[in-house]
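Student: First, the structure itself, so that you have it in front of you.
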Amino acid sequence: MRRMPAMLLGMVMVVASYGSGTAFDLDALDRVAVSMPKSTVLLLLGKPDEEGELKDGLELDIYKANDMSPMIGTGCIYGDNRHLAGQSFIFQGEMGKQAVERLQLDGFTLTEEKGDTFRMLGKDDDTGQPLVAQIIQGAGLTVVMTFEKGFYDRRVK
């Protein structure tokens with residue numbers, strides 16, 4: 001969890017400060033799944049509002065969400081092979097407990113709770129792949145990040 005706050009802070013700052021947003025919709029976002037090649041994600045979501053690089057060769061695409069309150073943005077994190085390794089969903093408001101409850105309805109299990117940070121384990125509803133969900137709330141925002149479990153175990157922990 002040590003690397004997570006810096007990654008989140010960067011994504012939140014970009015999403016919160018960026019003006020216009022792309023025209024992706026929730027149906028398209030729902031079709032995005034871990035391990036998808038970046039080219040497939042781009043076909044579904046379109047061109048990101050912001051592109052960047054994170055430590056250790058990871059790539060990040062950020063999409064500003066317009067008219068999707070309380071969601072204000074989403075991010076896609078790509079591993080070395082340019083396949084989706086993780087997604088982030090940024091919400092206005094501190095709703096970490098509600099996010100935990102919602103993920104529990106989808107079969108996720110709460111494995112760790114430290115203050116306003118929660119870690120959960122579950123499976124992707126489309127692919128069945130094991131996922132780790134990290135939920136962090138503070139400063140009026142909630143960030144839900146999901147990672148392919150193998151990626152999370154190798155890179156984030």
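Residues are referred to by chain and number: the chain letter is A, B, ... according to the order shown in the structure tokens, the number counts from 1 in that chain, and ligands are numbered separately from 1 in the order shown.
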Based on the backbone DSSP call, show me all residues of chain A assigned alpha helix (DSSP H), as a PyMOL selection string.

Tutor: chain A and resi 4-17+26-31+38-45+96-105+149-151

Student: Enumerate the residues of stretch 12-154 of chain A with a DSSP assignment of strand (DSSP E or B), computed from the backbone, and present them as a PyMOL selection string.

Tutor: chain A and resi 37+50-53+59-64+71-78+83-92+109-114+117-123+130-138+141-148

Student: Determine, counting only C-alpha atoms, which protein, DNA and RNA residues have an atom within 9 Å of an atom of A:Ile77; residues of the same chain fewer than 4 positions away are not included. Present the result as a list in words.

Tutor: Leu54, Leu58, Glu59, Leu60, Asp61, Ile62, Arg82, His83, Leu84, Ala85, Gly86, Gln87, Ser88 and Phe147 of chain A

Student: Generate a file of the selected residues that holds N, CA, C and O atoms, formatted as a PDB file, in the first residue's frame.

Tutor:
```
ATOM      1  N   LEU A  54       3.881   6.195 -15.153  1.00  0.00           N
ATOM      2  CA  LEU A  54       4.094   6.022 -13.726  1.00  0.00           C
ATOM      3  C   LEU A  54       5.448   5.355 -13.535  1.00  0.00           C
ATOM      4  O   LEU A  54       6.126   5.006 -14.510  1.00  0.00           O
ATOM      5  N   LEU A  58       5.070   1.772 -16.072  1.00  0.00           N
ATOM      6  CA  LEU A  58       3.618   1.666 -16.215  1.00  0.00           C
ATOM      7  C   LEU A  58       3.079   2.879 -16.963  1.00  0.00           C
ATOM      8  O   LEU A  58       3.605   3.982 -16.837  1.00  0.00           O
ATOM      9  N   GLU A  59       2.034   2.670 -17.745  1.00  0.00           N
ATOM     10  CA  GLU A  59       1.374   3.757 -18.461  1.00  0.00           C
ATOM     11  C   GLU A  59       0.022   4.026 -17.820  1.00  0.00           C
ATOM     12  O   GLU A  59      -0.614   3.116 -17.295  1.00  0.00           O
ATOM     13  N   LEU A  60      -0.418   5.281 -17.915  1.00  0.00           N
ATOM     14  CA  LEU A  60      -1.683   5.684 -17.322  1.00  0.00           C
ATOM     15  C   LEU A  60      -2.464   6.526 -18.317  1.00  0.00           C
ATOM     16  O   LEU A  60      -1.929   7.476 -18.889  1.00  0.00           O
ATOM     17  N   ASP A  61      -3.708   6.160 -18.548  1.00  0.00           N
ATOM     18  CA  ASP A  61      -4.642   6.966 -19.329  1.00  0.00           C
ATOM     19  C   ASP A  61      -5.736   7.436 -18.387  1.00  0.00           C
ATOM     20  O   ASP A  61      -6.290   6.639 -17.620  1.00  0.00           O
ATOM     21  N   ILE A  62      -6.052   8.720 -18.452  1.00  0.00           N
ATOM     22  CA  ILE A  62      -7.065   9.294 -17.571  1.00  0.00           C
ATOM     23  C   ILE A  62      -8.202   9.864 -18.415  1.00  0.00           C
ATOM     24  O   ILE A  62      -7.972  10.550 -19.407  1.00  0.00           O
ATOM     25  N   ARG A  82       1.564  -3.563 -22.229  1.00  0.00           N
ATOM     26  CA  ARG A  82       0.496  -2.688 -22.748  1.00  0.00           C
ATOM     27  C   ARG A  82      -0.883  -3.331 -22.642  1.00  0.00           C
ATOM     28  O   ARG A  82      -1.767  -3.069 -23.442  1.00  0.00           O
ATOM     29  N   HIS A  83      -1.049  -4.181 -21.636  1.00  0.00           N
ATOM     30  CA  HIS A  83      -2.354  -4.759 -21.324  1.00  0.00           C
ATOM     31  C   HIS A  83      -2.844  -4.111 -20.031  1.00  0.00           C
ATOM     32  O   HIS A  83      -2.046  -3.771 -19.151  1.00  0.00           O
ATOM     33  N   LEU A  84      -4.147  -3.965 -19.926  1.00  0.00           N
ATOM     34  CA  LEU A  84      -4.740  -3.316 -18.755  1.00  0.00           C
ATOM     35  C   LEU A  84      -4.467  -4.145 -17.505  1.00  0.00           C
ATOM     36  O   LEU A  84      -4.839  -5.313 -17.428  1.00  0.00           O
ATOM     37  N   ALA A  85      -3.810  -3.520 -16.538  1.00  0.00           N
ATOM     38  CA  ALA A  85      -3.494  -4.188 -15.278  1.00  0.00           C
ATOM     39  C   ALA A  85      -4.365  -3.684 -14.144  1.00  0.00           C
ATOM     40  O   ALA A  85      -4.562  -4.370 -13.145  1.00  0.00           O
ATOM     41  N   GLY A  86      -4.908  -2.475 -14.298  1.00  0.00           N
ATOM     42  CA  GLY A  86      -5.737  -1.914 -13.244  1.00  0.00           C
ATOM     43  C   GLY A  86      -6.584  -0.762 -13.751  1.00  0.00           C
ATOM     44  O   GLY A  86      -6.284  -0.162 -14.783  1.00  0.00           O
ATOM     45  N   GLN A  87      -7.661  -0.497 -13.022  1.00  0.00           N
ATOM     46  CA  GLN A  87      -8.549   0.615 -13.323  1.00  0.00           C
ATOM     47  C   GLN A  87      -8.797   1.401 -12.050  1.00  0.00           C
ATOM     48  O   GLN A  87      -8.781   0.835 -10.953  1.00  0.00           O
ATOM     49  N   SER A  88      -9.040   2.683 -12.213  1.00  0.00           N
ATOM     50  CA  SER A  88      -9.423   3.506 -11.069  1.00  0.00           C
ATOM     51  C   SER A  88     -10.718   4.224 -11.398  1.00  0.00           C
ATOM     52  O   SER A  88     -10.985   4.546 -12.555  1.00  0.00           O
ATOM     53  N   PHE A 147      -7.241  -4.055  -9.473  1.00  0.00           N
ATOM     54  CA  PHE A 147      -6.039  -4.567 -10.118  1.00  0.00           C
ATOM     55  C   PHE A 147      -6.162  -6.058 -10.334  1.00  0.00           C
ATOM     56  O   PHE A 147      -6.720  -6.770  -9.489  1.00  0.00           O
TER      57      PHE A 147
END
```

Student: Which polymer residues have any atom within 9 Å of an atom of A:Leu103, counting only C-alpha atoms, with same-chain residues fewer than 5 positions away left out, as a list in words?

Tutor: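 Everything that qualifies: Gln98, Phe108, Thr109, Leu110, Met120, Gly122 and Ala133 of chain A.
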
Student: Which residues are near A:Thr127? Cut-off 12 Å, only C-alpha atoms, ignore same chain within fewer than 6 positions. Put them as an NGL selection string.

Tutor: :A and (30-36 or 148)

Student: Put those residues in a file: all heavy atoms, as an mmCIF file, in the first residue's frame.

Tutor:
```
data_model
loop_
_atom_site.group_PDB
_atom_site.id
_atom_site.type_symbol
_atom_site.label_atom_id
_atom_site.label_comp_id
_atom_site.auth_asym_id
_atom_site.auth_seq_id
_atom_site.Cartn_x
_atom_site.Cartn_y
_atom_site.Cartn_z
ATOM 1 N N ASP A 30 -18.041 -0.511 -18.624
ATOM 2 C CA ASP A 30 -18.310 -1.832 -18.066
ATOM 3 C C ASP A 30 -17.719 -2.952 -18.923
ATOM 4 O O ASP A 30 -17.412 -4.022 -18.419
ATOM 5 C CB ASP A 30 -19.818 -2.037 -17.896
ATOM 6 C CG ASP A 30 -20.131 -3.313 -17.143
ATOM 7 O OD1 ASP A 30 -19.483 -3.582 -16.102
ATOM 8 O OD2 ASP A 30 -21.017 -4.069 -17.597
ATOM 9 N N ARG A 31 -17.542 -2.708 -20.206
ATOM 10 C CA ARG A 31 -16.975 -3.731 -21.088
ATOM 11 C C ARG A 31 -15.458 -3.814 -20.992
ATOM 12 O O ARG A 31 -14.851 -4.761 -21.488
ATOM 13 C CB ARG A 31 -17.398 -3.476 -22.534
ATOM 14 C CG ARG A 31 -18.886 -3.737 -22.758
ATOM 15 C CD ARG A 31 -19.260 -3.788 -24.227
ATOM 16 N NE ARG A 31 -18.902 -2.613 -25.000
ATOM 17 C CZ ARG A 31 -19.688 -1.544 -25.178
ATOM 18 N NH1 ARG A 31 -20.887 -1.514 -24.630
ATOM 19 N NH2 ARG A 31 -19.287 -0.523 -25.903
ATOM 20 N N VAL A 32 -14.830 -2.838 -20.365
ATOM 21 C CA VAL A 32 -13.378 -2.841 -20.180
ATOM 22 C C VAL A 32 -13.044 -3.836 -19.077
ATOM 23 O O VAL A 32 -13.671 -3.844 -18.018
ATOM 24 C CB VAL A 32 -12.862 -1.427 -19.822
ATOM 25 C CG1 VAL A 32 -11.394 -1.457 -19.472
ATOM 26 C CG2 VAL A 32 -13.133 -0.472 -20.969
ATOM 27 N N ALA A 33 -12.053 -4.702 -19.329
ATOM 28 C CA ALA A 33 -11.682 -5.737 -18.361
ATOM 29 C C ALA A 33 -10.161 -5.848 -18.272
ATOM 30 O O ALA A 33 -9.453 -5.592 -19.253
ATOM 31 C CB ALA A 33 -12.272 -7.086 -18.770
ATOM 32 N N VAL A 34 -9.685 -6.239 -17.090
ATOM 33 C CA VAL A 34 -8.248 -6.418 -16.907
ATOM 34 C C VAL A 34 -7.707 -7.399 -17.940
ATOM 35 O O VAL A 34 -8.431 -8.284 -18.412
ATOM 36 C CB VAL A 34 -7.897 -6.895 -15.487
ATOM 37 C CG1 VAL A 34 -8.201 -5.828 -14.460
ATOM 38 C CG2 VAL A 34 -8.564 -8.192 -15.134
ATOM 39 N N SER A 35 -6.477 -7.184 -18.303
ATOM 40 C CA SER A 35 -5.724 -7.979 -19.280
ATOM 41 C C SER A 35 -6.065 -7.644 -20.721
ATOM 42 O O SER A 35 -5.468 -8.202 -21.635
ATOM 43 C CB SER A 35 -5.869 -9.482 -19.036
ATOM 44 O OG SER A 35 -5.356 -9.808 -17.762
ATOM 45 N N MET A 36 -7.011 -6.731 -20.968
ATOM 46 C CA MET A 36 -7.313 -6.294 -22.334
ATOM 47 C C MET A 36 -6.115 -5.530 -22.884
ATOM 48 O O MET A 36 -5.497 -4.752 -22.164
ATOM 49 C CB MET A 36 -8.493 -5.318 -22.339
ATOM 50 C CG MET A 36 -9.788 -5.891 -22.657
ATOM 51 S SD MET A 36 -11.028 -4.565 -22.764
ATOM 52 C CE MET A 36 -12.446 -5.614 -22.926
ATOM 53 N N GLU A 148 -5.581 -6.528 -11.431
ATOM 54 C CA GLU A 148 -5.411 -7.963 -11.622
ATOM 55 C C GLU A 148 -4.542 -8.418 -10.457
ATOM 56 O O GLU A 148 -3.528 -7.795 -10.139
ATOM 57 C CB GLU A 148 -4.751 -8.205 -12.990
ATOM 58 C CG GLU A 148 -4.648 -9.648 -13.390
ATOM 59 C CD GLU A 148 -3.377 -10.302 -12.887
ATOM 60 O OE1 GLU A 148 -2.329 -9.638 -12.865
ATOM 61 O OE2 GLU A 148 -3.451 -11.470 -12.495
#
```

Student: Given the choices A:Ala28, A:Ile72, A:Met95, A:Leu45, which gets closest to A:Thr142 if the distance is worked out from only C-alpha atoms?

Tutor: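 Ranking A:Ala28, A:Ile72, A:Met95, A:Leu45 by distance to A:Thr142, first place goes to A:Met95.
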
Student: Pick out the residues sitting within 12 Å of A:Leu26, and hand them over as a PyMOL selection string; count only C-alpha atoms, and ignore anything fewer than 2 positions along from it in its own chain.

Tutor: chain A and resi 23-24+28-32+44-45+65-69+71+73-74+89

Student: Between A:Phe151, A:Asp106, A:Ile90, A:Gln129, which is the closest to A:Tyr78 once you count only C-alpha atoms?

Tutor: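 Among the listed residues, A:Phe151 lies closest to A:Tyr78.
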
Student: Rounded to one decimal place, report the atom CA of A:Lys55-atom CA of A:Ala99 distance in Å.

Tutor: 27.4 Å
